[in-house]
>>> print(open('upload35.cif').read())   # mmCIF, C-alpha atoms
data_query
#
loop_
_atom_site.label_atom_id
_atom_site.label_comp_id
_atom_site.auth_asym_id
_atom_site.auth_seq_id
_atom_site.Cartn_x
_atom_site.Cartn_y
_atom_site.Cartn_z
CA MET A 1 0.00 0.00 0.00
CA GLN A 2 1.47 3.28 -1.06
CA SER A 3 2.01 5.83 1.68
CA ALA A 4 0.59 9.29 1.14
CA ARG A 5 3.40 11.24 -0.43
CA LYS A 6 4.83 13.92 1.81
CA ILE A 7 6.27 17.13 0.48
CA ARG A 8 9.88 17.45 1.64
CA VAL A 9 11.11 21.00 2.05
CA LEU A 10 14.57 22.29 2.82
CA ILE A 11 14.57 25.61 4.64
CA ALA A 12 18.07 27.03 4.37
CA LYS A 13 19.79 30.15 5.61
CA PRO A 14 22.68 31.03 3.30
CA GLY A 15 25.23 33.61 4.37
CA LEU A 16 25.95 35.26 7.67
CA ASP A 17 22.56 36.07 9.18
CA SER A 18 22.64 35.99 12.94
CA HIS A 19 19.07 35.00 13.64
CA ASP A 20 16.56 32.64 12.15
CA ARG A 21 13.25 33.54 13.73
CA GLY A 22 11.53 34.05 10.39
CA ALA A 23 12.90 30.89 8.84
CA LYS A 24 11.77 28.87 11.84
CA VAL A 25 8.28 30.40 11.69
CA VAL A 26 7.97 29.31 8.08
CA ALA A 27 9.46 25.89 8.84
CA ARG A 28 6.97 25.28 11.63
CA ALA A 29 4.05 26.49 9.52
CA LEU A 30 4.95 24.10 6.73
CA ARG A 31 5.28 21.30 9.25
CA ASP A 32 1.86 22.09 10.66
CA ALA A 33 0.54 21.91 7.13
CA GLY A 34 1.76 18.31 6.94
CA MET A 35 5.11 18.72 5.21
CA GLU A 36 8.44 17.26 6.23
CA VAL A 37 10.76 20.19 6.76
CA ILE A 38 14.51 19.84 6.94
CA TYR A 39 16.04 22.82 8.65
CA THR A 40 19.79 23.10 8.62
CA GLY A 41 20.53 26.09 10.86
CA LEU A 42 22.43 29.30 10.37
CA ARG A 43 25.39 30.16 8.15
CA GLN A 44 24.98 27.69 5.35
CA THR A 45 27.23 27.84 2.32
CA PRO A 46 25.77 27.36 -1.16
CA GLU A 47 27.67 24.07 -1.36
CA GLN A 48 26.11 22.82 1.86
CA ILE A 49 22.64 23.85 0.72
CA ALA A 50 22.89 22.19 -2.67
CA GLU A 51 24.39 18.99 -1.30
CA THR A 52 21.72 18.80 1.41
CA ALA A 53 18.98 19.28 -1.18
CA LEU A 54 20.51 16.42 -3.14
CA GLN A 55 20.93 13.96 -0.26
CA GLU A 56 17.54 14.72 1.20
CA ASP A 57 15.85 14.52 -2.22
CA VAL A 58 13.69 17.52 -1.41
CA ASP A 59 10.82 18.79 -3.54
CA VAL A 60 11.17 22.39 -2.44
CA VAL A 61 13.92 24.69 -1.21
CA GLY A 62 13.12 27.85 0.74
CA LEU A 63 16.00 30.31 1.07
CA SER A 64 15.88 32.81 3.91
CA ILE A 65 18.29 35.72 3.89
CA LEU A 66 18.41 38.96 5.83
CA SER A 67 21.87 40.26 5.16
CA GLY A 68 21.32 41.68 1.69
CA ALA A 69 23.73 39.22 0.12
CA HIS A 70 21.05 37.58 -2.00
CA LYS A 71 22.34 38.93 -5.28
CA THR A 72 25.71 37.34 -4.70
CA ILE A 73 24.70 34.12 -3.01
CA PHE A 74 21.50 33.10 -4.81
CA PRO A 75 23.07 32.78 -8.28
CA ARG A 76 25.71 30.47 -6.82
CA ILE A 77 23.06 28.32 -5.14
CA MET A 78 20.96 28.06 -8.32
CA GLU A 79 24.08 27.18 -10.31
CA LEU A 80 24.99 24.39 -7.91
CA LEU A 81 21.44 23.02 -7.88
CA LYS A 82 21.57 22.89 -11.65
CA GLN A 83 24.97 21.21 -11.63
CA LYS A 84 23.67 18.52 -9.33
CA GLY A 85 20.71 17.85 -11.58
CA LEU A 86 18.14 19.34 -9.22
CA THR A 87 16.35 21.34 -11.87
CA ASP A 88 12.92 20.06 -10.88
CA VAL A 89 13.18 21.38 -7.33
CA MET A 90 10.96 24.40 -6.66
CA VAL A 91 12.92 27.24 -5.08
CA PHE A 92 11.39 30.18 -3.24
CA ALA A 93 12.96 32.85 -1.06
CA GLY A 94 12.17 35.18 1.78
CA GLY A 95 13.67 37.65 4.20
CA ILE A 96 14.93 41.13 3.43
CA ILE A 97 14.86 41.33 -0.35
CA PRO A 98 14.04 44.68 -1.99
CA ASP A 99 11.21 44.63 -4.56
CA GLU A 100 13.51 45.91 -7.28
CA ASP A 101 15.69 42.81 -6.96
CA VAL A 102 12.82 40.40 -7.39
CA PRO A 103 12.74 40.27 -11.22
CA GLU A 104 16.46 39.47 -11.34
CA LEU A 105 16.03 36.67 -8.82
CA LYS A 106 13.08 35.24 -10.70
CA LYS A 107 15.22 35.16 -13.83
CA LEU A 108 17.61 32.92 -11.91
CA GLY A 109 14.81 30.46 -11.43
CA ILE A 110 13.58 31.44 -8.00
CA ARG A 111 9.85 31.07 -8.35
CA GLU A 112 8.55 33.46 -5.73
CA ILE A 113 9.78 35.84 -3.05
CA PHE A 114 7.85 36.15 0.21
CA GLY A 115 8.76 39.30 2.08
CA PRO A 116 8.35 40.05 5.79
CA GLY A 117 4.73 40.01 6.88
CA THR A 118 3.61 37.48 4.28
CA PRO A 119 0.95 35.33 5.93
CA THR A 120 2.30 31.82 6.32
CA GLY A 121 -0.95 30.60 4.78
CA SER A 122 0.06 32.15 1.45
CA ILE A 123 3.41 30.39 1.52
CA ILE A 124 1.76 27.09 2.40
CA ASN A 125 -0.76 27.41 -0.42
CA TYR A 126 1.93 28.40 -2.87
CA VAL A 127 4.01 25.35 -2.01
CA PHE A 128 1.04 23.01 -2.29
CA GLU A 129 0.07 24.44 -5.64
CA ASN A 130 3.52 24.71 -7.17
CA CYS A 131 5.34 21.77 -5.71
CA PRO A 132 6.74 19.51 -8.44
CA LYS A 133 4.49 16.53 -9.07
CA ARG A 134 6.82 13.59 -8.95
CA THR A 135 5.71 10.05 -9.53
CA MET B 1 23.74 3.48 -6.90
CA PHE B 2 26.14 0.65 -6.08
CA ALA B 3 28.96 2.97 -7.11
CA GLY B 4 27.83 5.44 -4.50
CA ASN B 5 26.15 8.01 -6.74
CA VAL B 6 24.53 10.46 -4.35
CA ARG B 7 21.50 11.27 -6.48
CA CYS B 8 20.72 7.58 -6.98
CA ILE B 9 21.05 6.84 -3.29
CA ALA B 10 18.80 9.76 -2.44
CA ARG B 11 16.18 8.77 -4.99
CA ALA B 12 16.27 5.14 -3.90
CA ILE B 13 15.56 6.12 -0.31
CA THR B 14 12.63 8.30 -1.41
CA ILE B 15 11.13 5.46 -3.45
CA ILE B 16 11.34 3.20 -0.43
CA GLU B 17 10.00 5.81 1.95
CA ASN B 18 6.90 6.41 -0.13
CA ASN B 19 6.43 2.71 -0.75
CA ALA B 20 6.22 3.48 -4.44
CA PRO B 21 5.28 0.61 -6.73
CA ASP B 22 8.91 -0.06 -7.59
CA ALA B 23 10.02 -0.05 -3.96
CA ARG B 24 9.75 -3.82 -3.49
CA GLU B 25 11.69 -4.51 -6.65
CA LEU B 26 14.37 -2.07 -5.59
CA VAL B 27 14.87 -3.70 -2.22
CA THR B 28 14.97 -7.14 -3.83
CA LYS B 29 17.64 -5.96 -6.24
CA ILE B 30 19.87 -4.42 -3.60
CA PHE B 31 19.43 -7.08 -0.95
CA PRO B 32 22.20 -9.39 -2.20
CA ARG B 33 24.65 -6.50 -1.91
CA THR B 34 23.88 -5.80 1.74
CA GLY B 35 25.49 -7.29 4.81
CA LYS B 36 28.88 -5.61 4.68
CA ALA B 37 28.34 -2.38 6.55
CA HIS B 38 28.61 -2.05 10.30
CA ILE B 39 25.20 -0.81 11.34
CA ILE B 40 25.19 1.15 14.55
CA GLY B 41 22.09 2.50 16.23
CA LEU B 42 22.18 5.43 18.60
CA THR B 43 19.28 6.08 20.87
CA GLY B 44 18.62 7.74 24.18
CA PRO B 45 16.60 10.55 25.70
CA GLY B 46 16.28 13.88 23.93
CA GLY B 47 18.88 16.38 25.00
CA ALA B 48 21.52 13.76 25.70
CA GLY B 49 23.56 15.03 22.76
CA LYS B 50 23.13 12.21 20.24
CA SER B 51 23.43 14.38 17.14
CA THR B 52 26.48 16.21 18.44
CA LEU B 53 28.07 12.91 19.36
CA ILE B 54 27.26 11.39 15.99
CA GLU B 55 28.95 14.28 14.24
CA LYS B 56 32.14 13.59 16.15
CA VAL B 57 31.84 9.84 15.64
CA VAL B 58 31.48 10.36 11.88
CA ARG B 59 34.57 12.57 11.85
CA GLU B 60 36.52 9.91 13.70
CA TYR B 61 35.49 7.22 11.24
CA ARG B 62 36.44 9.52 8.39
CA LYS B 63 39.85 10.04 9.96
CA ARG B 64 40.21 6.27 9.88
CA GLY B 65 39.37 6.18 6.20
CA LYS B 66 35.84 4.83 6.44
CA THR B 67 32.82 6.02 4.50
CA VAL B 68 29.71 6.68 6.54
CA GLY B 69 25.97 6.85 6.05
CA VAL B 70 23.73 8.51 8.63
CA VAL B 71 19.98 8.11 8.95
CA ALA B 72 18.48 10.53 11.47
CA VAL B 73 14.88 9.88 12.46
CA ASP B 74 12.63 12.53 14.01
CA PRO B 75 8.99 12.23 15.04
CA THR B 76 6.06 12.97 12.78
CA SER B 77 3.29 15.02 14.34
CA PRO B 78 0.30 12.74 14.83
CA PHE B 79 -1.98 15.74 14.20
CA SER B 80 -0.56 17.47 11.17
CA GLY B 81 1.32 14.56 9.64
CA GLY B 82 4.28 16.88 9.19
CA ALA B 83 7.70 16.84 10.78
CA PHE B 84 10.51 19.21 11.69
CA LEU B 85 13.73 17.40 10.85
CA GLY B 86 16.51 19.24 12.60
CA ASP B 87 19.15 16.62 13.31
CA ARG B 88 21.27 17.83 10.41
CA ILE B 89 21.86 21.16 12.14
CA ARG B 90 24.53 19.56 14.28
CA MET B 91 26.10 17.71 11.37
CA GLN B 92 25.98 20.23 8.57
CA GLU B 93 29.71 20.67 8.17
CA LEU B 94 29.82 17.07 7.05
CA SER B 95 27.44 17.72 4.14
CA THR B 96 30.21 18.54 1.75
CA ASP B 97 32.35 15.52 2.66
CA SER B 98 31.82 13.13 -0.23
CA GLY B 99 32.50 10.19 2.07
CA VAL B 100 29.43 10.97 4.17
CA PHE B 101 25.77 10.66 3.24
CA ILE B 102 23.19 12.05 5.67
CA ARG B 103 19.46 11.52 5.37
CA SER B 104 16.74 12.85 7.64
CA MET B 105 13.62 10.73 7.99
CA ALA B 106 10.29 11.41 9.64
CA SER B 107 8.89 8.54 11.66
CA ARG B 108 5.54 8.87 9.84
CA ASN B 109 3.90 7.56 13.01
CA TYR B 110 5.65 4.24 12.88
CA PRO B 111 6.12 3.05 16.48
CA GLY B 112 9.30 2.50 18.41
CA GLY B 113 11.48 5.44 17.41
CA LEU B 114 12.13 4.52 13.79
CA ALA B 115 10.39 4.99 10.48
CA ARG B 116 9.00 1.97 8.65
CA ALA B 117 11.42 2.68 5.86
CA THR B 118 14.49 3.05 8.08
CA LYS B 119 15.47 -0.61 7.72
CA ASP B 120 15.42 -0.39 3.95
CA ALA B 121 17.10 3.02 3.84
CA VAL B 122 19.94 1.44 5.81
CA LYS B 123 20.06 -1.36 3.24
CA VAL B 124 20.45 1.23 0.49
CA LEU B 125 23.41 2.82 2.23
CA ASP B 126 24.91 -0.61 2.92
CA ALA B 127 24.51 -1.67 -0.71
CA ALA B 128 25.97 1.66 -1.85
CA GLY B 129 29.18 0.69 -0.14
CA LYS B 130 29.21 2.66 3.09
CA ASP B 131 31.51 1.04 5.65
CA VAL B 132 29.47 2.28 8.59
CA VAL B 133 25.82 3.24 8.81
CA LEU B 134 24.70 5.19 11.87
CA VAL B 135 21.02 5.34 12.72
CA GLU B 136 19.89 8.01 15.13
CA THR B 137 16.47 7.45 16.60
CA VAL B 138 13.86 9.32 18.53
CA GLY B 139 14.88 7.99 21.89
CA ALA B 140 12.22 9.05 24.31
CA GLY B 141 12.00 6.14 26.64
CA GLN B 142 11.37 2.52 27.26
CA SER B 143 9.47 1.81 24.10
CA GLU B 144 12.09 3.00 21.69
CA VAL B 145 13.62 -0.39 21.12
CA GLU B 146 12.86 -0.95 17.45
CA ILE B 147 16.48 -0.07 16.86
CA ILE B 148 17.62 -3.57 17.75
CA LYS B 149 15.88 -4.90 14.67
CA VAL B 150 17.96 -2.65 12.49
CA ALA B 151 21.33 -2.28 14.17
CA GLN B 152 24.10 -4.73 14.99
CA THR B 153 25.52 -2.48 17.67
CA VAL B 154 23.24 -0.38 19.82
CA VAL B 155 24.60 2.63 21.63
CA VAL B 156 22.49 4.23 24.32
CA VAL B 157 23.46 7.81 24.96
CA HIS B 158 22.57 9.37 28.25
CA ALA B 159 23.58 12.57 30.02
CA PRO B 160 23.45 13.84 33.57
CA GLY B 161 20.64 16.10 34.63
CA LEU B 162 17.98 14.92 32.22
CA GLY B 163 15.52 14.21 34.98
CA ASP B 164 15.00 10.96 36.79
CA GLU B 165 17.93 8.85 35.60
CA ILE B 166 16.52 5.58 36.79
CA GLN B 167 13.17 6.29 35.20
CA ALA B 168 14.72 6.89 31.83
CA ILE B 169 16.65 3.70 31.80
CA LYS B 170 14.14 1.14 32.93
CA ALA B 171 13.81 -2.11 31.03
CA GLY B 172 13.91 -1.51 27.28
CA LEU B 173 16.91 0.70 26.82
CA MET B 174 18.99 -1.05 29.45
CA GLU B 175 18.49 -4.42 27.84
CA ILE B 176 19.25 -3.43 24.29
CA ALA B 177 22.43 -1.46 24.76
CA ASP B 178 25.74 -2.87 23.64
CA VAL B 179 27.51 0.32 24.69
CA PHE B 180 26.41 3.03 27.07
CA VAL B 181 27.73 6.54 26.69
CA VAL B 182 27.37 9.16 29.36
CA ASN B 183 27.73 12.35 27.40
CA LYS B 184 28.42 15.78 28.91
CA ALA B 185 30.86 13.96 31.14
CA ASP B 186 32.45 17.25 32.09
CA ARG B 187 29.49 17.96 34.32
CA GLU B 188 29.86 17.40 38.04
CA ASP B 189 27.02 14.91 38.25
CA ALA B 190 28.33 12.78 35.40
CA ASP B 191 29.99 10.29 37.72
CA LYS B 192 26.74 9.78 39.58
CA THR B 193 25.03 8.96 36.29
CA VAL B 194 27.75 6.44 35.54
CA MET B 195 27.29 4.86 38.97
CA ASP B 196 23.51 4.73 38.56
CA LEU B 197 23.95 2.92 35.26
CA GLN B 198 26.50 0.56 36.74
CA SER B 199 24.22 -0.44 39.58
CA ILE B 200 21.31 -1.13 37.27
CA LEU B 201 23.50 -3.13 34.93
CA GLN B 202 24.68 -5.30 37.75
CA LEU B 203 21.12 -6.24 38.55
CA SER B 204 20.57 -7.78 35.14
CA ASP B 205 22.74 -10.67 34.06
CA ALA B 206 25.00 -10.17 31.11
CA GLU B 207 24.05 -12.71 28.47
CA GLY B 208 26.70 -14.04 26.21
CA GLY B 209 30.26 -12.85 26.29
CA TRP B 210 29.76 -9.13 25.79
CA LYS B 211 29.56 -6.90 28.81
CA PRO B 212 28.18 -3.50 27.79
CA PRO B 213 30.72 -0.91 28.89
CA ILE B 214 29.77 2.50 30.24
CA MET B 215 31.84 5.12 28.50
CA LYS B 216 32.18 8.81 29.15
CA ALA B 217 32.32 11.45 26.48
CA VAL B 218 32.08 15.15 25.93
CA ALA B 219 30.60 15.39 22.46
CA LEU B 220 31.12 19.12 22.19
CA THR B 221 34.88 18.78 22.49
CA GLY B 222 35.25 15.29 21.06
CA GLU B 223 36.66 13.91 24.26
CA GLY B 224 36.11 10.17 24.56
CA VAL B 225 35.05 9.77 20.93
CA ALA B 226 38.13 7.94 19.71
CA GLU B 227 37.74 5.47 22.57
CA LEU B 228 34.06 5.06 21.69
CA VAL B 229 34.85 4.27 18.08
CA ASP B 230 37.48 1.77 19.24
CA LYS B 231 34.80 0.12 21.35
CA LEU B 232 32.37 0.04 18.41
CA ASP B 233 35.00 -1.68 16.30
CA GLU B 234 35.62 -4.07 19.16
CA HIS B 235 31.93 -4.97 19.27
CA LYS B 236 31.93 -5.58 15.55
CA ARG B 237 34.88 -7.95 15.90
CA PHE B 238 33.12 -9.65 18.81
CA LEU B 239 30.04 -10.26 16.67
CA GLU B 240 32.17 -11.68 13.90
CA SER B 241 34.35 -13.79 16.16
CA ASP B 242 31.43 -15.60 17.69
CA PRO B 243 29.82 -17.09 14.61
CA GLU B 244 27.25 -18.98 16.65
CA SER B 245 25.86 -15.97 18.41
CA LYS B 246 26.22 -13.95 15.23
CA MET B 247 24.18 -16.59 13.41
CA LYS B 248 21.60 -16.49 16.21
CA LEU B 249 21.42 -12.73 15.85
CA LEU B 250 21.13 -12.83 12.09
CA LYS B 251 18.46 -15.47 12.24
CA ALA B 252 16.47 -13.52 14.80
CA LYS B 253 16.75 -10.41 12.66
CA ALA B 254 15.74 -12.15 9.47
CA GLU B 255 12.80 -13.79 11.19
CA ALA B 256 11.69 -10.48 12.67
CA GLU B 257 11.87 -8.83 9.27
CA LEU B 258 10.00 -11.63 7.61
CA THR B 259 7.30 -11.59 10.26
CA GLU B 260 6.97 -7.86 9.89
CA ALA B 261 6.74 -8.08 6.11
CA ILE B 262 4.05 -10.73 6.38
CA LYS B 263 2.10 -8.74 8.96
CA GLU B 264 2.25 -5.65 6.82
CA LYS B 265 1.05 -7.43 3.70
CA VAL B 266 -1.75 -9.19 5.53
CA THR B 267 -2.94 -6.07 7.28
CA ASP B 268 -2.75 -3.95 4.16
CA SER B 269 -4.76 -6.34 2.03
CA ILE B 270 -7.43 -6.93 4.67
CA MET B 271 -7.78 -3.24 5.41
CA GLU B 272 -8.06 -2.35 1.76
CA ASN B 273 -10.77 -4.93 1.29
CA LEU B 274 -12.76 -3.80 4.29
CA LYS B 275 -12.52 -0.18 3.26
CA LYS B 276 -13.73 -0.98 -0.23
CA GLU B 277 -16.69 -2.92 1.06
CA GLY B 278 -17.61 -0.12 3.43
CA ARG B 279 -17.57 -2.59 6.32
CA LEU B 280 -14.99 -0.51 8.16
CA ASP B 281 -17.14 2.62 8.22
CA GLU B 282 -20.14 0.59 9.27
CA CYS B 283 -18.33 -0.91 12.23
CA VAL B 284 -16.94 2.48 13.24
CA ARG B 285 -20.47 3.88 13.31
CA ARG B 286 -21.65 1.00 15.46
CA ILE B 287 -18.74 1.51 17.83
CA LEU B 288 -19.63 5.17 18.20
CA LYS B 289 -23.21 4.19 18.98
CA ARG B 290 -21.80 1.80 21.55
CA GLU B 291 -23.52 -1.11 19.78
CA THR B 292 -20.23 -2.95 19.69
CA ASP B 293 -16.66 -2.50 20.86
CA PRO B 294 -13.49 -2.45 18.72
CA ALA B 295 -12.27 -5.91 19.75
CA SER B 296 -15.63 -7.59 19.06
CA ALA B 297 -16.02 -5.73 15.78
CA ALA B 298 -12.56 -6.88 14.73
CA GLU B 299 -13.44 -10.48 15.58
CA GLU B 300 -16.67 -10.23 13.62
CA LEU B 301 -14.92 -8.80 10.56
CA LEU B 302 -12.19 -11.41 10.59
CA ARG B 303 -14.67 -14.23 11.06
CA GLU B 304 -16.55 -12.98 8.00
CA LYS B 305 -13.35 -13.21 6.04
CA GLY B 306 -12.76 -16.72 7.35
CA LEU B 307 -9.70 -15.64 9.25
CA GLU B 308 -10.68 -16.36 12.82
#
>>> encode(input="upload35.cif", output="structure tokens")
Amino acid sequence: MQSARKIRVLIAKPGLDSHDRGAKVVARALRDAGMEVIYTGLRQTPEQIAETALQEDVDVVGLSILSGAHKTIFPRIMELLKQKGLTDVMVFAGGIIPDEDVPELKKLGIREIFGPGTPTGSIINYVFENCPKRT
Amino acid sequence: MFAGNVRCIARAITIIENNAPDARELVTKIFPRTGKAHIIGLTGPGGAGKSTLIEKVVREYRKRGKTVGVVAVDPTSPFSGGAFLGDRIRMQELSTDSGVFIRSMASRNYPGGLARATKDAVKVLDAAGKDVVLVETVGAGQSEVEIIKVAQTVVVVHAPGLGDEIQAIKAGLMEIADVFVVNKADREDADKTVMDLQSILQLSDAEGGWKPPIMKAVALTGEGVAELVDKLDEHKRFLESDPESKMKLLKAKAEAELTEAIKEKVTDSIMENLKKEGRLDECVRRILKRETDPASAAEELLREKGLE
């Protein structure tokens, strides 16, 4: 009998942020919505994030960044995900990301940016609706 | 996958976890290649420092040239069905070591501290050539003993100050441990914890030739870890040196797995049938109306199917 498929999400904090309150709020919300959330803590390098996504075979990656380094770090992460063959993983981001940077990030392949104050319900719905349908 | 390709290993574990249609075939294919890895289970109460200790143990094995797989199991919420898998936080520096593969698993409400798929995930890592596979379980108390069905060596990790020491190490955990580790041994009350464990161990008789040692460690600094790994290797050699007891162990394990597989198949097929026929719903309604009780309803259903 096939088990109900669970959505596996990696919530990652690239760069040098010193707190992860927001990331943890999102992680808990996704858990309460029935997803399996892998949270890897602060100060993750792009290499660590991509390798974790690979080993954990996640469906979704949520990147949380507050330090403003998104324009430098995100391209590296997306490049590594591609290199490792993880092109079907849905990537979204959140934290402190100015609106004017959003188009550039979406061009990299990041599907959606959820800024501070986004109701967790919206994020949950987005993940449910846009999560890759794997057999 | 047999060559250790990370993507393949990861995908294989997912297939097994979701019990996808090809899961059975996958396990059958890899089974002949299993049996080489040293499978070590680590359990114990939350807060004892299992994840931190595992990180140091993995590093030690890596120093000794071994490749390592880690399966870290965390509980699934019985209400939401979701899980927060945070064991990797303590091990993240190891993510980029190509000789280490770490996988987080949610228990998905399987009892006993493991996930149903943990056994098979371990087989995948074994077949993929890992020398050592560490399984970290949700070790909340006496009932978390499923680990003995999966591991050859069971390590119970405790720490001073986690509440009522004696309470936490009643039955279950005491009987399954091959090695005890008192972590946070730099604390003043560590020696008391060691003594408590020693006195309880003396009350039970040591079966066979292996006397479970009580080791001290400070996972944060790595103190005691090399000695622990030496002891784990020693246990492995002990298991191999005593072919009779090893055979007994292997037989018991194989029988347990077979029994479990049979139970699962039987239950699944009966349940599916009952659900389809609507008999399940009907009985549930009658139970709610207090017209029958669960045990009697179960008897009735099984008798109908000619299984009583």
>>> resolve_selection(input="upload35.cif", expression="the PyMOL selection byres ((chain B and resi 114-119) around 9)", output="ChimeraX atom specification")
/B:13,16-19,71,73-75,105-113,120-124,135-138,144-147,149-151
>>> residues_around(input="upload35.cif", residues="Leu94 (chain B)", least_positions_apart="3", cutoff="9 Å", atoms="all atoms listed in the file", output="ChimeraX atom specification")
/A:48 /B:55,58-59,91,97-102
>>> atom_distance(input="upload35.cif", atom1="CA of Ala127 (chain B)", atom2="CA of Ala23 (chain B)")
14.9 Å
>>> resolve_selection(input="upload35.cif", expression="the PyMOL selection byres ((chain A) within 7 of (chain B))", output="ChimeraX atom specification")
/A:1-3,5,31-41,47-48,51-52,54-57
>>> residues_around(input="upload35.cif", residues="region 75-90 of chain A", least_positions_apart="6", cutoff="6 Å", atoms="all atoms listed in the file", output="short mmCIF file (atom, residue, chain, number, x, y, z; two decimals) with C-alpha atoms, keeping the file's coordinate frame")
data_model
loop_
_atom_site.label_atom_id
_atom_site.label_comp_id
_atom_site.auth_asym_id
_atom_site.auth_seq_id
_atom_site.Cartn_x
_atom_site.Cartn_y
_atom_site.Cartn_z
CA PRO A 46 25.77 27.36 -1.16
CA ALA A 50 22.89 22.19 -2.67
CA ASP A 59 10.82 18.79 -3.54
CA VAL A 60 11.17 22.39 -2.44
#
